[in-house]
Each structure stands twice: as structure tokens, then as C-alpha cells.
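Raw final_17.txt, compact mmCIF, C-alpha atoms:
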```
# COMPACT_ATOMS: atom_id res chain seq x y z
CA MET A 1 5.13 -9.40 6.84
CA ASP A 2 4.90 -8.27 3.23
CA THR A 3 8.17 -6.37 2.68
CA SER A 4 11.66 -6.95 3.98
CA VAL A 5 15.12 -5.49 3.62
CA LYS A 6 18.19 -7.51 4.61
CA LEU A 7 21.42 -5.68 5.27
CA SER A 8 24.64 -7.70 5.50
CA HIS A 9 27.89 -6.74 7.16
CA LEU A 10 30.85 -6.58 4.77
CA GLU A 11 33.73 -5.23 6.88
CA LYS A 12 34.43 -2.40 9.32
CA MET A 13 31.29 -0.20 9.24
CA GLN A 14 30.33 -1.19 5.71
CA PHE A 15 27.05 -2.96 4.96
CA GLU A 16 25.32 -3.99 1.75
CA THR A 17 21.80 -4.72 0.64
CA GLU A 18 19.89 -5.29 -2.56
CA LEU A 19 16.76 -3.23 -3.01
CA ASN A 20 14.52 -3.81 -6.04
CA GLY A 21 17.53 -5.39 -7.77
CA HIS A 22 19.93 -2.53 -6.97
CA LYS A 23 22.97 -3.02 -4.74
CA ILE A 24 23.29 -0.33 -2.08
CA THR A 25 26.28 0.07 0.22
CA ILE A 26 26.01 2.11 3.38
CA ASP A 27 28.95 3.13 5.49
CA ALA A 28 29.93 5.38 8.38
CA ASP A 29 32.28 8.33 8.07
CA GLU A 30 35.96 8.22 8.94
CA LYS A 31 35.48 9.73 12.43
CA VAL A 32 33.67 6.63 13.64
CA GLY A 33 35.71 3.97 11.85
CA GLY A 34 34.00 4.03 8.47
CA GLU A 35 35.42 4.72 5.04
CA ASN A 36 32.48 6.54 3.42
CA LYS A 37 31.94 3.79 0.83
CA GLY A 38 28.25 4.70 0.87
CA PRO A 39 25.80 7.09 2.51
CA ARG A 40 24.96 7.20 6.23
CA PRO A 41 21.77 5.35 7.16
CA LYS A 42 19.88 8.09 9.03
CA PRO A 43 19.49 10.58 6.12
CA LEU A 44 17.90 7.74 4.14
CA MET A 45 14.83 8.56 6.26
CA LEU A 46 14.76 11.96 4.55
CA LEU A 47 15.39 10.51 1.10
CA SER A 48 12.56 8.06 1.62
CA LEU A 49 10.14 10.89 2.40
CA ALA A 50 11.42 13.09 -0.44
CA GLY A 51 11.11 10.25 -2.95
CA CYS A 52 7.70 9.11 -1.82
CA THR A 53 6.06 12.51 -2.03
CA ALA A 54 8.01 13.59 -5.17
CA MET A 55 6.76 10.53 -7.08
CA ASP A 56 3.19 11.19 -5.93
CA VAL A 57 3.32 14.81 -7.03
CA ILE A 58 4.89 14.22 -10.45
CA SER A 59 2.45 11.44 -11.27
CA ILE A 60 -0.62 13.39 -10.09
CA LEU A 61 0.51 16.42 -12.12
CA ARG A 62 1.03 14.24 -15.17
CA LYS A 63 -2.57 13.03 -14.91
CA MET A 64 -3.59 16.73 -14.81
CA ARG A 65 -1.44 17.32 -17.95
CA VAL A 66 0.92 19.58 -16.02
CA GLU A 67 4.64 19.07 -16.73
CA PRO A 68 6.95 21.44 -14.85
CA ASP A 69 10.32 22.16 -16.51
CA ASP A 70 12.05 21.55 -13.19
CA PHE A 71 10.93 19.88 -10.01
CA ASP A 72 12.76 19.05 -6.83
CA VAL A 73 11.88 18.19 -3.27
CA GLU A 74 14.16 19.11 -0.39
CA VAL A 75 13.62 17.66 3.06
CA GLN A 76 15.25 19.73 5.81
CA ALA A 77 15.48 18.20 9.27
CA ASP A 78 16.51 19.04 12.81
CA GLN A 79 17.95 16.49 15.20
CA THR A 80 17.75 16.36 18.97
CA ASP A 81 20.97 17.00 20.91
CA GLU A 82 20.30 14.14 23.31
CA HIS A 83 20.63 10.39 22.66
CA PRO A 84 19.04 8.75 20.84
CA LYS A 85 19.80 11.59 18.40
CA HIS A 86 16.83 11.65 16.09
CA TYR A 87 14.98 13.94 13.73
CA HIS A 88 12.26 15.70 15.68
CA LYS A 89 11.30 18.21 12.99
CA MET A 90 11.16 17.99 9.18
CA HIS A 91 10.25 20.61 6.61
CA VAL A 92 9.55 19.68 2.99
CA VAL A 93 10.21 22.27 0.25
CA TYR A 94 8.52 21.51 -3.07
CA SER A 95 10.15 23.59 -5.84
CA PHE A 96 8.68 23.87 -9.30
CA GLY A 97 10.11 25.68 -12.31
CA GLY A 98 8.29 26.51 -15.53
CA THR A 99 6.09 29.06 -17.26
CA ASP A 100 2.34 29.36 -16.68
CA LEU A 101 2.27 26.62 -14.05
CA PRO A 102 -1.33 26.36 -12.78
CA LEU A 103 -1.05 27.16 -9.08
CA ASP A 104 -4.28 25.42 -8.08
CA LYS A 105 -3.19 22.13 -9.68
CA VAL A 106 0.27 22.32 -8.15
CA LYS A 107 -1.22 22.91 -4.69
CA LYS A 108 -3.73 20.13 -5.22
CA ALA A 109 -1.03 17.62 -6.19
CA VAL A 110 1.03 18.45 -3.10
CA ASN A 111 -2.00 18.28 -0.82
CA LEU A 112 -3.12 14.93 -2.27
CA SER A 113 0.31 13.46 -1.59
CA GLU A 114 0.42 14.84 1.94
CA GLU A 115 -3.09 13.86 2.89
CA ARG A 116 -3.90 10.78 0.88
CA TYR A 117 -0.99 9.03 -0.80
CA CYS A 118 2.41 9.38 0.82
CA GLY A 119 2.88 6.45 3.17
CA VAL A 120 6.19 7.76 4.49
CA SER A 121 4.86 11.10 5.73
CA ALA A 122 1.86 9.23 7.20
CA VAL A 123 4.26 7.47 9.59
CA TYR A 124 6.56 10.41 10.33
CA ARG A 125 3.66 12.77 11.03
CA LYS A 126 2.57 10.54 13.92
CA ALA A 127 5.98 10.89 15.54
CA ILE A 128 7.41 14.32 14.73
CA GLU A 129 6.59 17.83 13.52
CA LEU A 130 6.21 17.83 9.74
CA THR A 131 5.68 21.03 7.74
CA SER A 132 5.96 22.00 4.07
CA GLU A 133 6.04 24.84 1.59
CA ILE A 134 5.68 25.25 -2.17
CA ARG A 135 7.99 27.39 -4.30
CA ILE A 136 7.31 28.29 -7.90
CA ASN A 137 10.22 29.73 -9.85
CA GLY A 138 11.95 30.44 -6.53
CA GLU A 139 9.03 32.28 -4.95
CA ARG A 140 7.27 30.90 -1.91
CA ILE A 141 3.54 30.37 -2.36
CA ASP A 142 1.12 30.80 0.54
CA GLU A 143 -0.83 27.59 0.87
CA MET B 1 17.59 22.84 10.19
CA ASP B 2 20.83 20.90 10.45
CA THR B 3 20.47 18.23 7.74
CA SER B 4 18.87 18.29 4.34
CA VAL B 5 18.40 16.03 1.35
CA LYS B 6 17.50 17.47 -2.05
CA LEU B 7 16.00 15.18 -4.64
CA SER B 8 15.81 16.38 -8.24
CA HIS B 9 13.54 15.16 -11.01
CA LEU B 10 15.40 13.68 -13.99
CA GLU B 11 12.65 12.30 -16.24
CA LYS B 12 9.52 10.13 -16.01
CA MET B 13 9.53 8.77 -12.41
CA GLN B 14 13.30 9.01 -12.02
CA PHE B 15 14.88 11.23 -9.37
CA GLU B 16 18.45 11.76 -8.22
CA THR B 17 20.18 12.99 -5.09
CA GLU B 18 23.66 13.11 -3.64
CA LEU B 19 24.05 11.81 -0.11
CA ASN B 20 27.40 12.07 1.66
CA GLY B 21 29.03 12.39 -1.76
CA HIS B 22 27.26 9.38 -3.28
CA LYS B 23 24.81 9.71 -6.17
CA ILE B 24 21.58 7.82 -5.59
CA THR B 25 18.85 7.34 -8.19
CA ILE B 26 15.37 6.31 -7.18
CA ASP B 27 12.70 5.21 -9.58
CA ALA B 28 9.26 3.63 -9.72
CA ASP B 29 8.54 0.25 -11.24
CA GLU B 30 7.22 -0.29 -14.75
CA LYS B 31 3.58 -0.67 -13.64
CA VAL B 32 3.39 2.98 -12.61
CA GLY B 33 5.45 4.53 -15.40
CA GLY B 34 8.93 3.96 -13.97
CA GLU B 35 11.88 2.07 -15.43
CA ASN B 36 13.42 0.64 -12.24
CA LYS B 37 16.62 2.67 -12.63
CA GLY B 38 16.88 2.69 -8.84
CA PRO B 39 15.07 1.46 -5.73
CA ARG B 40 11.59 2.52 -4.61
CA PRO B 41 11.55 5.24 -1.96
CA LYS B 42 9.38 3.59 0.70
CA PRO B 43 11.65 0.59 1.52
CA LEU B 44 14.44 3.12 2.16
CA MET B 45 12.62 3.61 5.49
CA LEU B 46 13.49 0.00 6.31
CA LEU B 47 17.06 0.31 5.06
CA SER B 48 17.52 3.41 7.20
CA LEU B 49 16.45 1.52 10.31
CA ALA B 50 18.50 -1.58 9.45
CA GLY B 51 21.61 0.49 8.83
CA CYS B 52 21.27 2.66 11.89
CA THR B 53 20.89 -0.21 14.33
CA ALA B 54 23.40 -2.48 12.51
CA MET B 55 26.11 0.17 12.77
CA ASP B 56 25.34 0.69 16.46
CA VAL B 57 25.54 -3.02 17.20
CA ILE B 58 28.76 -3.73 15.29
CA SER B 59 30.54 -0.75 16.85
CA ILE B 60 29.36 -1.56 20.40
CA LEU B 61 30.46 -5.19 19.95
CA ARG B 62 33.83 -4.05 18.65
CA LYS B 63 34.35 -2.02 21.82
CA MET B 64 33.55 -5.21 23.76
CA ARG B 65 36.12 -7.09 21.62
CA VAL B 66 33.42 -9.25 20.07
CA GLU B 67 33.70 -9.82 16.31
CA PRO B 68 31.03 -12.10 14.84
CA ASP B 69 32.00 -13.99 11.67
CA ASP B 70 28.71 -12.95 10.08
CA PHE B 71 26.19 -10.32 10.96
CA ASP B 72 23.08 -9.14 9.21
CA VAL B 73 19.97 -7.20 10.11
CA GLU B 74 16.67 -7.83 8.37
CA VAL B 75 13.75 -5.46 8.78
CA GLN B 76 10.39 -7.05 7.95
CA ALA B 77 7.39 -4.79 7.59
CA ASP B 78 3.65 -4.90 7.09
CA GLN B 79 1.74 -2.22 5.21
CA THR B 80 -1.82 -1.05 5.64
CA ASP B 81 -4.28 -1.91 2.86
CA GLU B 82 -5.84 1.55 2.93
CA HIS B 83 -4.39 4.82 1.60
CA PRO B 84 -2.03 6.24 2.58
CA LYS B 85 -0.45 2.77 2.40
CA HIS B 86 2.17 2.83 5.10
CA TYR B 87 4.17 0.49 7.31
CA HIS B 88 2.25 -0.02 10.53
CA LYS B 89 4.39 -2.85 11.89
CA MET B 90 8.11 -3.61 11.69
CA HIS B 91 10.11 -6.52 13.05
CA VAL B 92 13.91 -6.43 13.22
CA VAL B 93 15.85 -9.71 13.04
CA TYR B 94 19.46 -9.47 14.23
CA SER B 95 21.42 -12.52 12.98
CA PHE B 96 24.90 -13.35 14.23
CA GLY B 97 27.16 -16.16 13.08
CA GLY B 98 30.32 -17.38 14.82
CA THR B 99 31.69 -19.69 17.48
CA ASP B 100 31.56 -18.93 21.21
CA LEU B 101 29.68 -15.66 20.75
CA PRO B 102 29.02 -14.24 24.24
CA LEU B 103 25.23 -14.08 24.47
CA ASP B 104 25.14 -11.43 27.20
CA LYS B 105 27.27 -9.04 25.18
CA VAL B 106 25.29 -9.62 21.99
CA LYS B 107 22.03 -8.93 23.84
CA LYS B 108 23.52 -5.87 25.50
CA ALA B 109 24.69 -4.41 22.17
CA VAL B 110 21.23 -4.87 20.63
CA ASN B 111 19.50 -3.39 23.68
CA LEU B 112 21.82 -0.37 23.77
CA SER B 113 21.05 0.36 20.14
CA GLU B 114 17.31 -0.04 20.66
CA GLU B 115 17.08 1.97 23.84
CA ARG B 116 19.86 4.51 23.69
CA TYR B 117 21.51 5.03 20.31
CA CYS B 118 19.38 4.32 17.25
CA GLY B 119 17.74 7.57 16.21
CA VAL B 120 15.71 5.92 13.47
CA SER B 121 13.93 3.42 15.71
CA ALA B 122 13.35 6.26 18.21
CA VAL B 123 11.14 7.96 15.63
CA TYR B 124 9.42 4.87 14.23
CA ARG B 125 8.59 3.53 17.69
CA LYS B 126 6.48 6.62 18.38
CA ALA B 127 4.37 5.92 15.29
CA ILE B 128 4.14 2.15 14.77
CA GLU B 129 4.60 -1.26 16.38
CA LEU B 130 8.30 -2.16 16.45
CA THR B 131 9.57 -5.55 17.65
CA SER B 132 12.82 -7.49 17.35
CA GLU B 133 14.55 -10.80 17.82
CA ILE B 134 18.11 -12.09 18.00
CA ARG B 135 19.35 -15.18 16.17
CA ILE B 136 22.70 -16.80 16.80
CA ASN B 137 23.82 -19.35 14.22
CA GLY B 138 20.25 -19.56 13.00
CA GLU B 139 18.68 -20.16 16.40
CA ARG B 140 16.31 -17.67 17.96
CA ILE B 141 17.38 -16.43 21.38
CA ASP B 142 14.81 -15.49 24.01
CA GLU B 143 15.49 -11.94 25.09
```

Would you put the structure from the file into C-alpha cells?
Amino acid sequence: MDTSVKLSHLEKMQFETELNGHKITIDADEKVGGENKGPRPKPLMLLSLAGCTAMDVISILRKMRVEPDDFDVEVQADQTDEHPKHYHKMHVVYSFGGTDLPLDKVKKAVNLSEERYCGVSAVYRKAIELTSEIRINGERIDE
Amino acid sequence: MDTSVKLSHLEKMQFETELNGHKITIDADEKVGGENKGPRPKPLMLLSLAGCTAMDVISILRKMRVEPDDFDVEVQADQTDEHPKHYHKMHVVYSFGGTDLPLDKVKKAVNLSEERYCGVSAVYRKAIELTSEIRINGERIDE
């Protein structure tokens, strides 16, 4: 196996790992015996997807000499009501801010991440419904 | 959608989010224009799984009045060589340390997480090969 993450129990519901040299604590919330010393584990699935595709898009755009003033990626997700409670639907919103952003290049960067580069969405797409949209200066763009 | 994570671009390959009140920075490594100000996004998939199942197991064991001296969960993963490079295989190693740990209860806690409670493995299992093992004081236990 070529990658591994080891998570060690500290106390109560608190666990710690080191990832690429950075200490990360995760913890449960107070309702289930945690103390919120770190984030919950499940939303890290969403952060992983957001980060993977955001890095693809910003680096592809940079190669195309496009630098948006603002860029964020929001991953919205729905969970099942039944155990095991899991995300069964995710929607990715790519939001760009800036003047004279070339729409074709922005769309191309998003599509390249979704279809060719993002290894996180490649896994999730096999298991759940995964959709996306692009917004430029707050306005939704038809893809 | 009932959960969302918003990741904002800071500069270069650096992005930031707030998760359950905790700021998290992610970044790429130097080879691809990053500065390693935070972890890579893809291994967060592994951390999410490790944390989800580790919290299940420790809380189920606590209800059974079992408190291991040490407990960690390692998620090992293999990636494809081809784009999109993604994890196609994961193996979860549950390691417990302590004296007189009741094997049946330890196995039961792990199985309950895998089959009933862990919402992260529920998604991954639909997409990739997911296996696990239990170690007690360093020795692998046949499940």
C-alpha cells in the first residue's frame, strides 16, 4: 500500500494524527461525549473533495494565465436518515470572482478536474450522486 | 442539503475552511507550487474513514465497559497509476493495547462499526475494495 494515515486515541473521543507533517486533532461533539477539540471525521470527506478539485482548478487556470480575484469551492451534501448514516448526494459549487473572467477557460478547468484529474470525485462518483455548478460573480452559469 | 463545507482560496495552492469551529488550511507540496502550509486534500479521505470508525469503536467499547490502554486505527491505501489517480484499495488496521482485553467484545465493536455505524466506509465500500484486520498487543487476530 502506498499511502497510510495512522490515527491515535488520546482520551475520551479525541484522536490525533500527523498528515504531511501537520498535527490534526479530531473530536466528537459534546452530545456524544466529545469536547470539540477538533472537527468531526465525516465532513472531512467533503473537505477532501473540495480541496482536491479546488487545487486542480486553480492550477489549470494558472497554466491558462487566468487568475480569479476570488475562488471558493463549496461541497453541499445530504445524508441518509438510516444507519449507517452516510452522504448519498453531493453538490459542488465552484464560485469565481473577478472581471473579464474567460468563461470557456473556467468551464474547461472545472471539467478537466471532474473528468480527468480529481481522484476524490472519481471514487465518490462510483458510490453516490455527484453534481456541480459554476458561479461567476454570484451568477450561476449553465454548463 | 444538510451539511456543507466551503473552502476558500488564500494564495498560491493554499486554501482555508472552518469545520465545526476549527480553521483548517490545506496546501500542495513544493513540487506543484505549494508551500506545505497544511495537509494534502486526498489523504483526508483516509483520515475521515479512520476517524469515523475509530470513534464508533471506542464509544461501543465504552458502553461494554472495555477501555483499552492504547488504541489506534491505520488506514493503508493504494492508488491507481492512471489519471484520475485515486485510491482503489484500502485496508484498515485496528490496533488495541492492554491486558485481558475481551476478544469477542473487541471484534463485535469493530464489526458493528463496519456493518452498521460508519457512514464513511458505507460510501467507500460501494466504490473500492475495503478490507480490515484487528491487532491486539501487536498480534493479528483472525476474524

### Query
What is the distance between atom CA of B:Gln14 and atom CA of A:Gly21, in Å to one decimal?
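Computed distance, atom CA of B:Gln14 to atom CA of A:Gly21, equals 15.6 Å.
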
### Best match for closeness to chain A among B:Thr17, B:Asn36, B:Gln76, B:Thr131, counting only C-alpha atoms
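Of B:Thr17, B:Asn36, B:Gln76, B:Thr131, the one nearest chain A, counting only C-alpha atoms, is B:Gln76.
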
#### Entry: Selection: 6 Å around stretch 5-10 of chain A, all atoms listed in the file, excl. self and same-chain fewer than 5 positions, as a VMD selection string
(chain A and resid 15 to 17) or (chain B and resid 71 to 75)

## Note on the structure
Pairwise distance, atom CA of B:Asp2 with atom CA of B:Arg40, equals 25.5 Å

### Message
Just checking: using only C-alpha atoms, which residue out of A:Thr25, A:Ser48, A:Thr99, A:Asn137 ends up closest to chain B?
### Response
A:Ser48

### Task
Between B:Arg62, B:Lys89, B:Lys108, B:His83, single out the one closest to A:Met13, counting all atoms listed in the file.
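Of the candidates, the smallest distance to A:Met13 is held by B:Arg62.
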
### Message
Considering all atoms listed in the file, can you say which of A:Lys107, A:Lys85, A:His91, A:Arg125 comes closest to chain B?
### Response
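Among the listed residues, the smallest separation from chain B belongs to A:Lys85.
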
### Query
Between A:Ile128, A:Glu30, A:Thr3, A:Glu67, which one has atoms that come closest to B:Leu46, using only C-alpha atoms?
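Using only C-alpha atoms, the shortest distance to B:Leu46 belongs to A:Thr3.
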